[in-house]
Structure formats: C-alpha cells, structure tokens
file my_file_8.cif (mmCIF, N, CA and C atoms)
data_work
loop_
_atom_site.group_PDB
_atom_site.id
_atom_site.type_symbol
_atom_site.label_atom_id
_atom_site.label_comp_id
_atom_site.auth_asym_id
_atom_site.auth_seq_id
_atom_site.Cartn_x
_atom_site.Cartn_y
_atom_site.Cartn_z
ATOM 1 N N MET A 473 89.925 127.555 18.698
ATOM 2 C CA MET A 473 89.063 126.522 19.245
ATOM 3 C C MET A 473 88.803 125.486 18.153
ATOM 4 N N THR A 474 88.924 124.219 18.491
ATOM 5 C CA THR A 474 88.658 123.158 17.531
ATOM 6 C C THR A 474 87.368 122.452 17.897
ATOM 7 N N CYS A 475 86.724 121.926 16.890
ATOM 8 C CA CYS A 475 85.467 121.213 17.086
ATOM 9 C C CYS A 475 85.730 119.720 16.879
ATOM 10 N N ASN A 476 85.384 118.905 17.844
ATOM 11 C CA ASN A 476 85.579 117.463 17.744
ATOM 12 C C ASN A 476 84.289 116.744 17.423
ATOM 13 N N TYR A 477 83.276 117.462 16.962
ATOM 14 C CA TYR A 477 81.968 116.870 16.732
ATOM 15 C C TYR A 477 81.533 117.103 15.296
ATOM 16 N N LYS A 478 81.148 116.069 14.605
ATOM 17 C CA LYS A 478 80.638 116.169 13.240
ATOM 18 C C LYS A 478 79.145 115.902 13.316
ATOM 19 N N HIS A 479 78.323 116.881 12.958
ATOM 20 C CA HIS A 479 76.880 116.781 13.141
ATOM 21 C C HIS A 479 76.265 115.726 12.222
ATOM 22 N N ILE A 480 75.741 114.675 12.838
ATOM 23 C CA ILE A 480 75.062 113.592 12.148
ATOM 24 C C ILE A 480 73.813 113.257 12.961
ATOM 25 N N ASN A 481 72.690 113.089 12.284
ATOM 26 C CA ASN A 481 71.459 112.677 12.954
ATOM 27 C C ASN A 481 71.351 111.159 12.938
ATOM 28 N N GLN A 482 70.604 110.619 13.890
ATOM 29 C CA GLN A 482 70.365 109.190 13.954
ATOM 30 C C GLN A 482 68.862 108.947 13.970
ATOM 31 N N SER A 483 68.413 108.017 13.127
ATOM 32 C CA SER A 483 66.991 107.664 13.123
ATOM 33 C C SER A 483 66.664 106.890 14.399
ATOM 34 N N GLN A 484 65.385 106.791 14.714
ATOM 35 C CA GLN A 484 64.958 106.005 15.871
ATOM 36 C C GLN A 484 65.378 104.543 15.703
ATOM 37 N N HIS A 485 65.285 104.039 14.473
ATOM 38 C CA HIS A 485 65.704 102.666 14.192
ATOM 39 C C HIS A 485 67.187 102.487 14.513
ATOM 40 N N CYS A 486 67.990 103.462 14.115
ATOM 41 C CA CYS A 486 69.423 103.416 14.384
ATOM 42 C C CYS A 486 69.693 103.391 15.883
ATOM 43 N N LEU A 487 69.037 104.256 16.631
ATOM 44 C CA LEU A 487 69.250 104.316 18.074
ATOM 45 C C LEU A 487 68.917 102.992 18.742
ATOM 46 N N LEU A 488 67.832 102.371 18.306
ATOM 47 C CA LEU A 488 67.424 101.084 18.855
ATOM 48 C C LEU A 488 68.457 100.002 18.526
ATOM 49 N N ARG A 489 68.839 99.899 17.261
ATOM 50 C CA ARG A 489 69.795 98.876 16.839
ATOM 51 C C ARG A 489 71.183 99.118 17.436
ATOM 52 N N GLN A 490 71.564 100.362 17.539
ATOM 53 C CA GLN A 490 72.851 100.717 18.117
ATOM 54 C C GLN A 490 72.928 100.229 19.565
ATOM 55 N N LYS A 491 71.868 100.427 20.308
ATOM 56 C CA LYS A 491 71.837 99.985 21.706
ATOM 57 C C LYS A 491 71.867 98.462 21.784
ATOM 58 N N GLU A 492 71.082 97.789 20.938
ATOM 59 C CA GLU A 492 71.045 96.325 20.928
ATOM 60 C C GLU A 492 72.412 95.725 20.601
ATOM 61 N N ARG A 493 73.161 96.392 19.726
ATOM 62 C CA ARG A 493 74.429 95.847 19.245
ATOM 63 C C ARG A 493 75.638 96.371 20.005
ATOM 64 N N GLY A 494 75.401 97.222 20.996
ATOM 65 C CA GLY A 494 76.490 97.722 21.836
ATOM 66 C C GLY A 494 77.479 98.611 21.102
ATOM 67 N N ILE A 495 76.972 99.419 20.182
ATOM 68 C CA ILE A 495 77.828 100.330 19.413
ATOM 69 C C ILE A 495 77.681 101.727 20.010
ATOM 70 N N SER A 496 78.778 102.272 20.489
ATOM 71 C CA SER A 496 78.720 103.555 21.197
ATOM 72 C C SER A 496 78.639 104.747 20.253
ATOM 73 N N ASP A 497 78.127 105.849 20.784
ATOM 74 C CA ASP A 497 78.099 107.107 20.033
ATOM 75 C C ASP A 497 79.527 107.567 19.721
ATOM 76 N N ALA A 498 80.438 107.332 20.659
ATOM 77 C CA ALA A 498 81.829 107.743 20.462
ATOM 78 C C ALA A 498 82.439 107.019 19.263
ATOM 79 N N LEU A 499 82.151 105.729 19.118
ATOM 80 C CA LEU A 499 82.665 104.977 17.967
ATOM 81 C C LEU A 499 82.071 105.516 16.668
ATOM 82 N N LEU A 500 80.759 105.753 16.658
ATOM 83 C CA LEU A 500 80.129 106.296 15.453
ATOM 84 C C LEU A 500 80.727 107.647 15.083
ATOM 85 N N GLN A 501 81.015 108.465 16.073
ATOM 86 C CA GLN A 501 81.595 109.775 15.809
ATOM 87 C C GLN A 501 82.983 109.634 15.173
ATOM 88 N N LYS A 502 83.780 108.678 15.674
ATOM 89 C CA LYS A 502 85.108 108.444 15.088
ATOM 90 C C LYS A 502 84.981 107.959 13.640
ATOM 91 N N ILE A 503 83.999 107.100 13.386
ATOM 92 C CA ILE A 503 83.779 106.596 12.035
ATOM 93 C C ILE A 503 83.350 107.726 11.111
ATOM 94 N N MET A 504 82.481 108.616 11.599
ATOM 95 C CA MET A 504 82.020 109.733 10.770
ATOM 96 C C MET A 504 83.184 110.607 10.332
ATOM 97 N N TRP A 505 84.197 110.764 11.177
ATOM 98 C CA TRP A 505 85.363 111.560 10.808
ATOM 99 C C TRP A 505 86.195 110.873 9.734
ATOM 100 N N LYS A 506 86.035 109.569 9.565
ATOM 101 C CA LYS A 506 86.761 108.833 8.527
ATOM 102 C C LYS A 506 86.105 108.995 7.149
ATOM 103 N N ILE A 507 84.841 109.428 7.124
ATOM 104 C CA ILE A 507 84.145 109.639 5.852
ATOM 105 C C ILE A 507 84.554 111.013 5.316
ATOM 106 N N ARG A 508 85.201 111.023 4.173
ATOM 107 C CA ARG A 508 85.738 112.280 3.625
ATOM 108 C C ARG A 508 84.637 113.219 3.152
ATOM 109 N N ALA A 509 83.631 112.695 2.475
ATOM 110 C CA ALA A 509 82.533 113.521 1.972
ATOM 111 C C ALA A 509 81.233 112.741 2.113
ATOM 112 N N ILE A 510 80.223 113.394 2.660
ATOM 113 C CA ILE A 510 78.921 112.760 2.846
ATOM 114 C C ILE A 510 78.202 112.699 1.505
ATOM 115 N N ASN A 511 77.734 111.524 1.161
ATOM 116 C CA ASN A 511 76.960 111.307 -0.056
ATOM 117 C C ASN A 511 75.484 111.488 0.310
ATOM 118 N N TYR A 512 74.745 112.286 -0.430
ATOM 119 C CA TYR A 512 73.360 112.571 -0.052
ATOM 120 C C TYR A 512 72.367 111.547 -0.579
ATOM 121 N N ASN A 513 72.829 110.563 -1.356
ATOM 122 C CA ASN A 513 71.985 109.425 -1.729
ATOM 123 C C ASN A 513 72.017 108.419 -0.591
ATOM 124 N N ARG A 514 71.164 107.406 -0.676
ATOM 125 C CA ARG A 514 71.246 106.318 0.299
ATOM 126 C C ARG A 514 72.588 105.629 0.083
ATOM 127 N N THR A 515 73.390 105.559 1.128
ATOM 128 C CA THR A 515 74.743 105.037 1.016
ATOM 129 C C THR A 515 75.026 104.046 2.130
ATOM 130 N N VAL A 516 75.659 102.943 1.765
ATOM 131 C CA VAL A 516 76.123 101.966 2.747
ATOM 132 C C VAL A 516 77.631 102.132 2.838
ATOM 133 N N TYR A 517 78.094 102.623 3.980
ATOM 134 C CA TYR A 517 79.520 102.767 4.217
ATOM 135 C C TYR A 517 80.003 101.484 4.869
ATOM 136 N N ILE A 518 80.919 100.793 4.202
ATOM 137 C CA ILE A 518 81.510 99.581 4.735
ATOM 138 C C ILE A 518 82.766 100.010 5.499
ATOM 139 N N VAL A 519 82.741 99.827 6.803
ATOM 140 C CA VAL A 519 83.869 100.214 7.648
ATOM 141 C C VAL A 519 84.762 98.993 7.806
ATOM 142 N N SER A 520 85.971 99.068 7.269
ATOM 143 C CA SER A 520 86.887 97.926 7.285
ATOM 144 C C SER A 520 87.415 97.667 8.696
ATOM 145 N N THR A 521 87.956 96.477 8.881
ATOM 146 C CA THR A 521 88.548 96.141 10.175
ATOM 147 C C THR A 521 89.738 97.049 10.478
ATOM 148 N N ASN A 522 90.475 97.468 9.437
ATOM 149 C CA ASN A 522 91.594 98.399 9.645
ATOM 150 C C ASN A 522 91.109 99.726 10.204
ATOM 151 N N THR A 523 90.014 100.244 9.637
ATOM 152 C CA THR A 523 89.457 101.514 10.117
ATOM 153 C C THR A 523 88.933 101.362 11.536
ATOM 154 N N LEU A 524 88.274 100.241 11.831
ATOM 155 C CA LEU A 524 87.794 100.004 13.193
ATOM 156 C C LEU A 524 88.956 99.945 14.175
ATOM 157 N N ASN A 525 90.057 99.307 13.771
ATOM 158 C CA ASN A 525 91.241 99.263 14.628
ATOM 159 C C ASN A 525 91.792 100.663 14.872
ATOM 160 N N GLU A 526 91.792 101.504 13.831
ATOM 161 C CA GLU A 526 92.231 102.897 13.985
ATOM 162 C C GLU A 526 91.333 103.654 14.957
ATOM 163 N N CYS A 527 90.062 103.252 15.028
ATOM 164 C CA CYS A 527 89.101 103.896 15.929
ATOM 165 C C CYS A 527 89.135 103.293 17.335
ATOM 166 N N GLY A 528 90.023 102.337 17.562
ATOM 167 C CA GLY A 528 90.168 101.766 18.898
ATOM 168 C C GLY A 528 89.342 100.522 19.147
ATOM 169 N N ILE A 529 88.761 99.940 18.105
ATOM 170 C CA ILE A 529 87.957 98.723 18.244
ATOM 171 C C ILE A 529 88.713 97.572 17.597
ATOM 172 N N ASN A 530 89.087 96.579 18.392
ATOM 173 C CA ASN A 530 89.768 95.406 17.868
ATOM 174 C C ASN A 530 88.702 94.432 17.394
ATOM 175 N N SER A 531 88.448 94.434 16.101
ATOM 176 C CA SER A 531 87.365 93.633 15.541
ATOM 177 C C SER A 531 87.849 92.815 14.363
ATOM 178 N N LYS A 532 87.320 91.625 14.242
ATOM 179 C CA LYS A 532 87.598 90.782 13.082
ATOM 180 C C LYS A 532 86.460 90.890 12.067
ATOM 181 N N GLN A 533 85.460 91.713 12.371
ATOM 182 C CA GLN A 533 84.309 91.905 11.487
ATOM 183 C C GLN A 533 84.326 93.320 10.933
ATOM 184 N N ASN A 534 83.841 93.456 9.705
ATOM 185 C CA ASN A 534 83.603 94.780 9.137
ATOM 186 C C ASN A 534 82.292 95.305 9.710
ATOM 187 N N MET A 535 82.014 96.561 9.480
ATOM 188 C CA MET A 535 80.775 97.177 9.957
ATOM 189 C C MET A 535 80.094 97.870 8.786
ATOM 190 N N ALA A 536 78.778 97.875 8.792
ATOM 191 C CA ALA A 536 78.009 98.620 7.799
ATOM 192 C C ALA A 536 77.307 99.770 8.503
ATOM 193 N N VAL A 537 77.432 100.953 7.937
ATOM 194 C CA VAL A 537 76.716 102.135 8.410
ATOM 195 C C VAL A 537 75.875 102.608 7.235
ATOM 196 N N VAL A 538 74.557 102.489 7.365
ATOM 197 C CA VAL A 538 73.643 102.874 6.293
ATOM 198 C C VAL A 538 73.156 104.288 6.582
ATOM 199 N N MET A 539 73.370 105.173 5.603
ATOM 200 C CA MET A 539 73.005 106.578 5.791
ATOM 201 C C MET A 539 72.223 107.097 4.596
ATOM 202 N N ARG A 540 71.447 108.115 4.858
ATOM 203 C CA ARG A 540 70.807 108.909 3.806
ATOM 204 C C ARG A 540 71.141 110.353 4.148
ATOM 205 N N GLY A 541 72.040 110.916 3.381
ATOM 206 C CA GLY A 541 72.511 112.264 3.707
ATOM 207 C C GLY A 541 73.255 112.241 5.024
ATOM 208 N N ARG A 542 72.869 113.106 5.934
ATOM 209 C CA ARG A 542 73.516 113.198 7.250
ATOM 210 C C ARG A 542 72.755 112.433 8.333
ATOM 211 N N GLU A 543 71.909 111.490 7.922
ATOM 212 C CA GLU A 543 71.164 110.687 8.903
ATOM 213 C C GLU A 543 71.584 109.231 8.811
ATOM 214 N N ILE A 544 71.947 108.664 9.963
ATOM 215 C CA ILE A 544 72.276 107.244 10.011
ATOM 216 C C ILE A 544 70.967 106.480 10.147
ATOM 217 N N ILE A 545 70.733 105.561 9.217
ATOM 218 C CA ILE A 545 69.517 104.751 9.222
ATOM 219 C C ILE A 545 69.698 103.544 10.129
ATOM 220 N N THR A 546 70.820 102.842 9.977
ATOM 221 C CA THR A 546 71.119 101.699 10.837
ATOM 222 C C THR A 546 72.611 101.426 10.806
ATOM 223 N N VAL A 547 73.056 100.622 11.743
ATOM 224 C CA VAL A 547 74.468 100.267 11.855
ATOM 225 C C VAL A 547 74.546 98.832 12.383
ATOM 226 N N TYR A 548 75.449 98.046 11.798
ATOM 227 C CA TYR A 548 75.594 96.661 12.247
ATOM 228 C C TYR A 548 76.928 96.091 11.793
ATOM 229 N N PHE A 549 77.349 95.018 12.472
ATOM 230 C CA PHE A 549 78.567 94.317 12.093
ATOM 231 C C PHE A 549 78.245 93.312 10.998
ATOM 232 N N ILE A 550 79.213 93.084 10.120
ATOM 233 C CA ILE A 550 79.060 92.163 8.997
ATOM 234 C C ILE A 550 79.869 90.904 9.304
ATOM 235 N N ASP A 551 79.184 89.766 9.399
ATOM 236 C CA ASP A 551 79.865 88.504 9.682
ATOM 237 C C ASP A 551 80.700 88.022 8.492
ATOM 238 N N ASP A 552 80.117 88.066 7.296
ATOM 239 C CA ASP A 552 80.788 87.573 6.082
ATOM 240 C C ASP A 552 80.546 88.583 4.966
ATOM 241 N N ILE A 553 81.597 89.247 4.534
ATOM 242 C CA ILE A 553 81.460 90.327 3.549
ATOM 243 C C ILE A 553 80.932 89.816 2.211
ATOM 244 N N ARG A 554 81.327 88.610 1.801
ATOM 245 C CA ARG A 554 80.827 88.046 0.536
ATOM 246 C C ARG A 554 79.333 87.785 0.618
ATOM 247 N N LEU A 555 78.890 87.224 1.733
ATOM 248 C CA LEU A 555 77.466 86.964 1.933
ATOM 249 C C LEU A 555 76.688 88.280 2.026
ATOM 250 N N PHE A 556 77.289 89.283 2.631
ATOM 251 C CA PHE A 556 76.660 90.603 2.728
ATOM 252 C C PHE A 556 76.341 91.151 1.334
ATOM 253 N N PHE A 557 77.330 91.150 0.430
ATOM 254 C CA PHE A 557 77.096 91.675 -0.919
ATOM 255 C C PHE A 557 76.128 90.804 -1.711
ATOM 256 N N PHE A 558 76.171 89.504 -1.503
ATOM 257 C CA PHE A 558 75.207 88.614 -2.150
ATOM 258 C C PHE A 558 73.788 88.949 -1.700
ATOM 259 N N ASN A 559 73.598 89.106 -0.393
ATOM 260 C CA ASN A 559 72.270 89.433 0.140
ATOM 261 C C ASN A 559 71.780 90.788 -0.346
ATOM 262 N N MET A 560 72.676 91.765 -0.462
ATOM 263 C CA MET A 560 72.278 93.089 -0.927
ATOM 264 C C MET A 560 71.782 93.018 -2.368
ATOM 265 N N SER A 561 72.461 92.258 -3.215
ATOM 266 C CA SER A 561 72.022 92.144 -4.605
ATOM 267 C C SER A 561 70.759 91.297 -4.708
ATOM 268 N N TYR A 562 70.648 90.261 -3.894
ATOM 269 C CA TYR A 562 69.473 89.392 -3.898
ATOM 270 C C TYR A 562 68.219 90.143 -3.456
ATOM 271 N N ARG A 563 68.394 91.047 -2.493
ATOM 272 C CA ARG A 563 67.256 91.833 -1.984
ATOM 273 C C ARG A 563 66.969 93.056 -2.848
ATOM 274 N N SER A 564 67.658 93.203 -3.939
ATOM 275 C CA SER A 564 67.481 94.333 -4.862
ATOM 276 C C SER A 564 67.776 95.673 -4.200
ATOM 277 N N HIS A 565 68.830 95.706 -3.377
ATOM 278 C CA HIS A 565 69.269 96.964 -2.775
ATOM 279 C C HIS A 565 70.311 97.633 -3.659
ATOM 280 N N ASP A 566 70.161 97.454 -4.962
ATOM 281 C CA ASP A 566 71.111 98.034 -5.890
ATOM 282 C C ASP A 566 70.969 99.546 -6.014
ATOM 283 N N ASN A 567 69.896 100.122 -5.450
ATOM 284 C CA ASN A 567 69.698 101.561 -5.554
ATOM 285 C C ASN A 567 70.545 102.333 -4.535
ATOM 286 N N ALA A 568 71.302 101.638 -3.719
ATOM 287 C CA ALA A 568 72.170 102.294 -2.754
ATOM 288 C C ALA A 568 73.588 102.401 -3.311
ATOM 289 N N ASP A 569 74.304 103.425 -2.871
ATOM 290 C CA ASP A 569 75.716 103.542 -3.189
ATOM 291 C C ASP A 569 76.502 102.836 -2.089
ATOM 292 N N TYR A 570 77.652 102.268 -2.431
ATOM 293 C CA TYR A 570 78.497 101.580 -1.468
ATOM 294 C C TYR A 570 79.857 102.253 -1.458
ATOM 295 N N MET A 571 80.373 102.511 -0.251
ATOM 296 C CA MET A 571 81.691 103.116 -0.114
ATOM 297 C C MET A 571 82.437 102.373 0.979
ATOM 298 N N ILE A 572 83.663 102.043 0.718
ATOM 299 C CA ILE A 572 84.497 101.367 1.722
ATOM 300 C C ILE A 572 85.407 102.397 2.365
ATOM 301 N N ILE A 573 85.369 102.412 3.685
ATOM 302 C CA ILE A 573 86.252 103.334 4.420
ATOM 303 C C ILE A 573 87.126 102.540 5.374
#

call {"tool": "encode", "arguments": {"input": "my_file_8.cif", "output": "structure tokens"}}
result
Amino acid sequence: MTCNYKHINQSQHCLLRQKERGISDALLQKIMWKIRAINYNRTVYIVSTNTLNECGINSKQNMAVVMRGREIITVYFIDDIRLFFFNMSYRSHDNADYMII
C-alpha cells in the first residue's frame, strides 16, 4: 500500500488566504512532495514556474509557501521575484530561511 499524502498542517491565516487566492489543497500537496526535507525554522519555499508546471499549473509567476516546521503559515503568488526579495530584506525578514524548489 502506498501513501499519497504528506502530513502538513495549515494555519487559519493560510486557509483564508488559500481560498482568496484560489490555491487548491491538491496543488499544495503536490508542492509538499517536491520539498525534499522539511526545515523546522521559519522557511520561505520559493516554488519556481518549472515546479508549478510539473504540478500541472501553467503559471508565469513563482509561488511563495511560508512554513514553520510542518505548518503552512501562508501561500501566495509572486509577481516580481526581484521585488519580492527586496521587500523581504526591507521588512527585515532576514530571520527566515529561503529555499527554491
């Protein structure tokens, strides 16, 4: 028997934003399988357009999945990756780890 489910919790904030942005649980589950090892610090996983295409989403935007351990804090699409990193440093979010998948 194989298991197609990777146990990840979602915060209330994540559930709200996920619904607003039209991001399905099925897509998040596919993305979670692309993460090789869960980092238990606050981590921003940058999901590339190539990875999204592999997951069945034809997107010209990258996606950010913010997690702390096995809990997704929020998820959103990134319009401009350069502006995203500028804003993260400007807001002093340097205490997070960043991983590109």

call {"tool": "atom_distance", "arguments": {"input": "my_file_8.cif", "atom1": "atom CA of A:Ala536", "atom2": "atom N of A:Asp552"}}
result
10.8 Å

call {"tool": "atom_distance", "arguments": {"input": "my_file_8.cif", "atom1": "atom CA of A:Thr546", "atom2": "atom CA of A:His485"}}
result
6.4 Å

call {"tool": "closest_residue", "arguments": {"input": "my_file_8.cif", "among": "A:Ile544, A:Ala509, A:Gln533, A:Ser483", "to": "A:Thr521", "atoms": "all atoms listed in the file"}}
result
A:Gln533

call {"tool": "residues_around", "arguments": {"input": "my_file_8.cif", "residues": "A:Asn525", "least_positions_apart": "3", "cutoff": "12 Å", "atoms": "only C-alpha atoms", "output": "count of residues only"}}
result
15

call {"tool": "residues_around", "arguments": {"input": "my_file_8.cif", "residues": "A:Val547", "least_positions_apart": "2", "cutoff": "10 Å", "atoms": "only C-alpha atoms", "output": "PyMOL selection string"}}
result
chain A and resi 485-490+493+495+500+516-517+535-539+544-545+549-550

call {"tool": "resolve_selection", "arguments": {"input": "my_file_8.cif", "expression": "the PyMOL selection byres ((chain A and resi 541) around 6.5)", "output": "JSON, numbers by chain"}}
result
{"A": [510, 511, 512, 513, 514, 515, 539, 540, 542, 543, 544]}

call {"tool": "write_last_selection", "arguments": {"input": "my_file_8.cif", "atoms": "N, CA and C atoms", "output": "PDB file, keeping the file's coordinate frame"}}
result
ATOM      1  N   ILE A 510      80.223 113.394   2.660  1.00  0.00           N
ATOM      2  CA  ILE A 510      78.921 112.760   2.846  1.00  0.00           C
ATOM      3  C   ILE A 510      78.202 112.699   1.505  1.00  0.00           C
ATOM      4  N   ASN A 511      77.734 111.524   1.161  1.00  0.00           N
ATOM      5  CA  ASN A 511      76.960 111.307  -0.056  1.00  0.00           C
ATOM      6  C   ASN A 511      75.484 111.488   0.310  1.00  0.00           C
ATOM      7  N   TYR A 512      74.745 112.286  -0.430  1.00  0.00           N
ATOM      8  CA  TYR A 512      73.360 112.571  -0.052  1.00  0.00           C
ATOM      9  C   TYR A 512      72.367 111.547  -0.579  1.00  0.00           C
ATOM     10  N   ASN A 513      72.829 110.563  -1.356  1.00  0.00           N
ATOM     11  CA  ASN A 513      71.985 109.425  -1.729  1.00  0.00           C
ATOM     12  C   ASN A 513      72.017 108.419  -0.591  1.00  0.00           C
ATOM     13  N   ARG A 514      71.164 107.406  -0.676  1.00  0.00           N
ATOM     14  CA  ARG A 514      71.246 106.318   0.299  1.00  0.00           C
ATOM     15  C   ARG A 514      72.588 105.629   0.083  1.00  0.00           C
ATOM     16  N   THR A 515      73.390 105.559   1.128  1.00  0.00           N
ATOM     17  CA  THR A 515      74.743 105.037   1.016  1.00  0.00           C
ATOM     18  C   THR A 515      75.026 104.046   2.130  1.00  0.00           C
ATOM     19  N   MET A 539      73.370 105.173   5.603  1.00  0.00           N
ATOM     20  CA  MET A 539      73.005 106.578   5.791  1.00  0.00           C
ATOM     21  C   MET A 539      72.223 107.097   4.596  1.00  0.00           C
ATOM     22  N   ARG A 540      71.447 108.115   4.858  1.00  0.00           N
ATOM     23  CA  ARG A 540      70.807 108.909   3.806  1.00  0.00           C
ATOM     24  C   ARG A 540      71.141 110.353   4.148  1.00  0.00           C
ATOM     25  N   ARG A 542      72.869 113.106   5.934  1.00  0.00           N
ATOM     26  CA  ARG A 542      73.516 113.198   7.250  1.00  0.00           C
ATOM     27  C   ARG A 542      72.755 112.433   8.333  1.00  0.00           C
ATOM     28  N   GLU A 543      71.909 111.490   7.922  1.00  0.00           N
ATOM     29  CA  GLU A 543      71.164 110.687   8.903  1.00  0.00           C
ATOM     30  C   GLU A 543      71.584 109.231   8.811  1.00  0.00           C
ATOM     31  N   ILE A 544      71.947 108.664   9.963  1.00  0.00           N
ATOM     32  CA  ILE A 544      72.276 107.244  10.011  1.00  0.00           C
ATOM     33  C   ILE A 544      70.967 106.480  10.147  1.00  0.00           C
TER      34      ILE A 544
END

call {"tool": "atom_distance", "arguments": {"input": "my_file_8.cif", "atom1": "atom CA of A:Ile507", "atom2": "atom N of A:Ile573"}}
result
7.6 Å

call {"tool": "closest_residue", "arguments": {"input": "my_file_8.cif", "among": "A:Ile518, A:Ala568, A:Ile553, A:Cys527", "to": "A:Gln501", "atoms": "only C-alpha atoms"}}
result
A:Cys527

call {"tool": "select_by_dssp", "arguments": {"input": "my_file_8.cif", "residues": "chain A", "states": "helix (DSSP H, G or I)", "output": "PyMOL selection string"}}
result
chain A and resi 484-493+497-506+521-526+553-562

call {"tool": "select_by_dssp", "arguments": {"input": "my_file_8.cif", "residues": "stretch 502-571 of chain A", "states": "strand (DSSP E or B)", "output": "JSON list (two decimals) with N, CA and C atoms, in the coordinates of the input"}}
result
[["chain", "number", "residue", "atom", "x", "y", "z"],
["A", 514, "ARG", "N", 71.16, 107.41, -0.68],
["A", 514, "ARG", "CA", 71.25, 106.32, 0.30],
["A", 514, "ARG", "C", 72.59, 105.63, 0.08],
["A", 515, "THR", "N", 73.39, 105.56, 1.13],
["A", 515, "THR", "CA", 74.74, 105.04, 1.02],
["A", 515, "THR", "C", 75.03, 104.05, 2.13],
["A", 516, "VAL", "N", 75.66, 102.94, 1.76],
["A", 516, "VAL", "CA", 76.12, 101.97, 2.75],
["A", 516, "VAL", "C", 77.63, 102.13, 2.84],
["A", 517, "TYR", "N", 78.09, 102.62, 3.98],
["A", 517, "TYR", "CA", 79.52, 102.77, 4.22],
["A", 517, "TYR", "C", 80.00, 101.48, 4.87],
["A", 518, "ILE", "N", 80.92, 100.79, 4.20],
["A", 518, "ILE", "CA", 81.51, 99.58, 4.74],
["A", 518, "ILE", "C", 82.77, 100.01, 5.50],
["A", 519, "VAL", "N", 82.74, 99.83, 6.80],
["A", 519, "VAL", "CA", 83.87, 100.21, 7.65],
["A", 519, "VAL", "C", 84.76, 98.99, 7.81],
["A", 534, "ASN", "N", 83.84, 93.46, 9.70],
["A", 534, "ASN", "CA", 83.60, 94.78, 9.14],
["A", 534, "ASN", "C", 82.29, 95.30, 9.71],
["A", 535, "MET", "N", 82.01, 96.56, 9.48],
["A", 535, "MET", "CA", 80.78, 97.18, 9.96],
["A", 535, "MET", "C", 80.09, 97.87, 8.79],
["A", 536, "ALA", "N", 78.78, 97.88, 8.79],
["A", 536, "ALA", "CA", 78.01, 98.62, 7.80],
["A", 536, "ALA", "C", 77.31, 99.77, 8.50],
["A", 537, "VAL", "N", 77.43, 100.95, 7.94],
["A", 537, "VAL", "CA", 76.72, 102.14, 8.41],
["A", 537, "VAL", "C", 75.88, 102.61, 7.24],
["A", 538, "VAL", "N", 74.56, 102.49, 7.36],
["A", 538, "VAL", "CA", 73.64, 102.87, 6.29],
["A", 538, "VAL", "C", 73.16, 104.29, 6.58],
["A", 539, "MET", "N", 73.37, 105.17, 5.60],
["A", 539, "MET", "CA", 73.00, 106.58, 5.79],
["A", 539, "MET", "C", 72.22, 107.10, 4.60],
["A", 540, "ARG", "N", 71.45, 108.12, 4.86],
["A", 540, "ARG", "CA", 70.81, 108.91, 3.81],
["A", 540, "ARG", "C", 71.14, 110.35, 4.15],
["A", 543, "GLU", "N", 71.91, 111.49, 7.92],
["A", 543, "GLU", "CA", 71.16, 110.69, 8.90],
["A", 543, "GLU", "C", 71.58, 109.23, 8.81],
["A", 544, "ILE", "N", 71.95, 108.66, 9.96],
["A", 544, "ILE", "CA", 72.28, 107.24, 10.01],
["A", 544, "ILE", "C", 70.97, 106.48, 10.15],
["A", 545, "ILE", "N", 70.73, 105.56, 9.22],
["A", 545, "ILE", "CA", 69.52, 104.75, 9.22],
["A", 545, "ILE", "C", 69.70, 103.54, 10.13],
["A", 546, "THR", "N", 70.82, 102.84, 9.98],
["A", 546, "THR", "CA", 71.12, 101.70, 10.84],
["A", 546, "THR", "C", 72.61, 101.43, 10.81],
["A", 547, "VAL", "N", 73.06, 100.62, 11.74],
["A", 547, "VAL", "CA", 74.47, 100.27, 11.86],
["A", 547, "VAL", "C", 74.55, 98.83, 12.38],
["A", 548, "TYR", "N", 75.45, 98.05, 11.80],
["A", 548, "TYR", "CA", 75.59, 96.66, 12.25],
["A", 548, "TYR", "C", 76.93, 96.09, 11.79],
["A", 549, "PHE", "N", 77.35, 95.02, 12.47],
["A", 549, "PHE", "CA", 78.57, 94.32, 12.09],
["A", 549, "PHE", "C", 78.24, 93.31, 11.00],
["A", 550, "ILE", "N", 79.21, 93.08, 10.12],
["A", 550, "ILE", "CA", 79.06, 92.16, 9.00],
["A", 550, "ILE", "C", 79.87, 90.90, 9.30],
["A", 569, "ASP", "N", 74.30, 103.42, -2.87],
["A", 569, "ASP", "CA", 75.72, 103.54, -3.19],
["A", 569, "ASP", "C", 76.50, 102.84, -2.09],
["A", 570, "TYR", "N", 77.65, 102.27, -2.43],
["A", 570, "TYR", "CA", 78.50, 101.58, -1.47],
["A", 570, "TYR", "C", 79.86, 102.25, -1.46],
["A", 571, "MET", "N", 80.37, 102.51, -0.25],
["A", 571, "MET", "CA", 81.69, 103.12, -0.11],
["A", 571, "MET", "C", 82.44, 102.37, 0.98]]
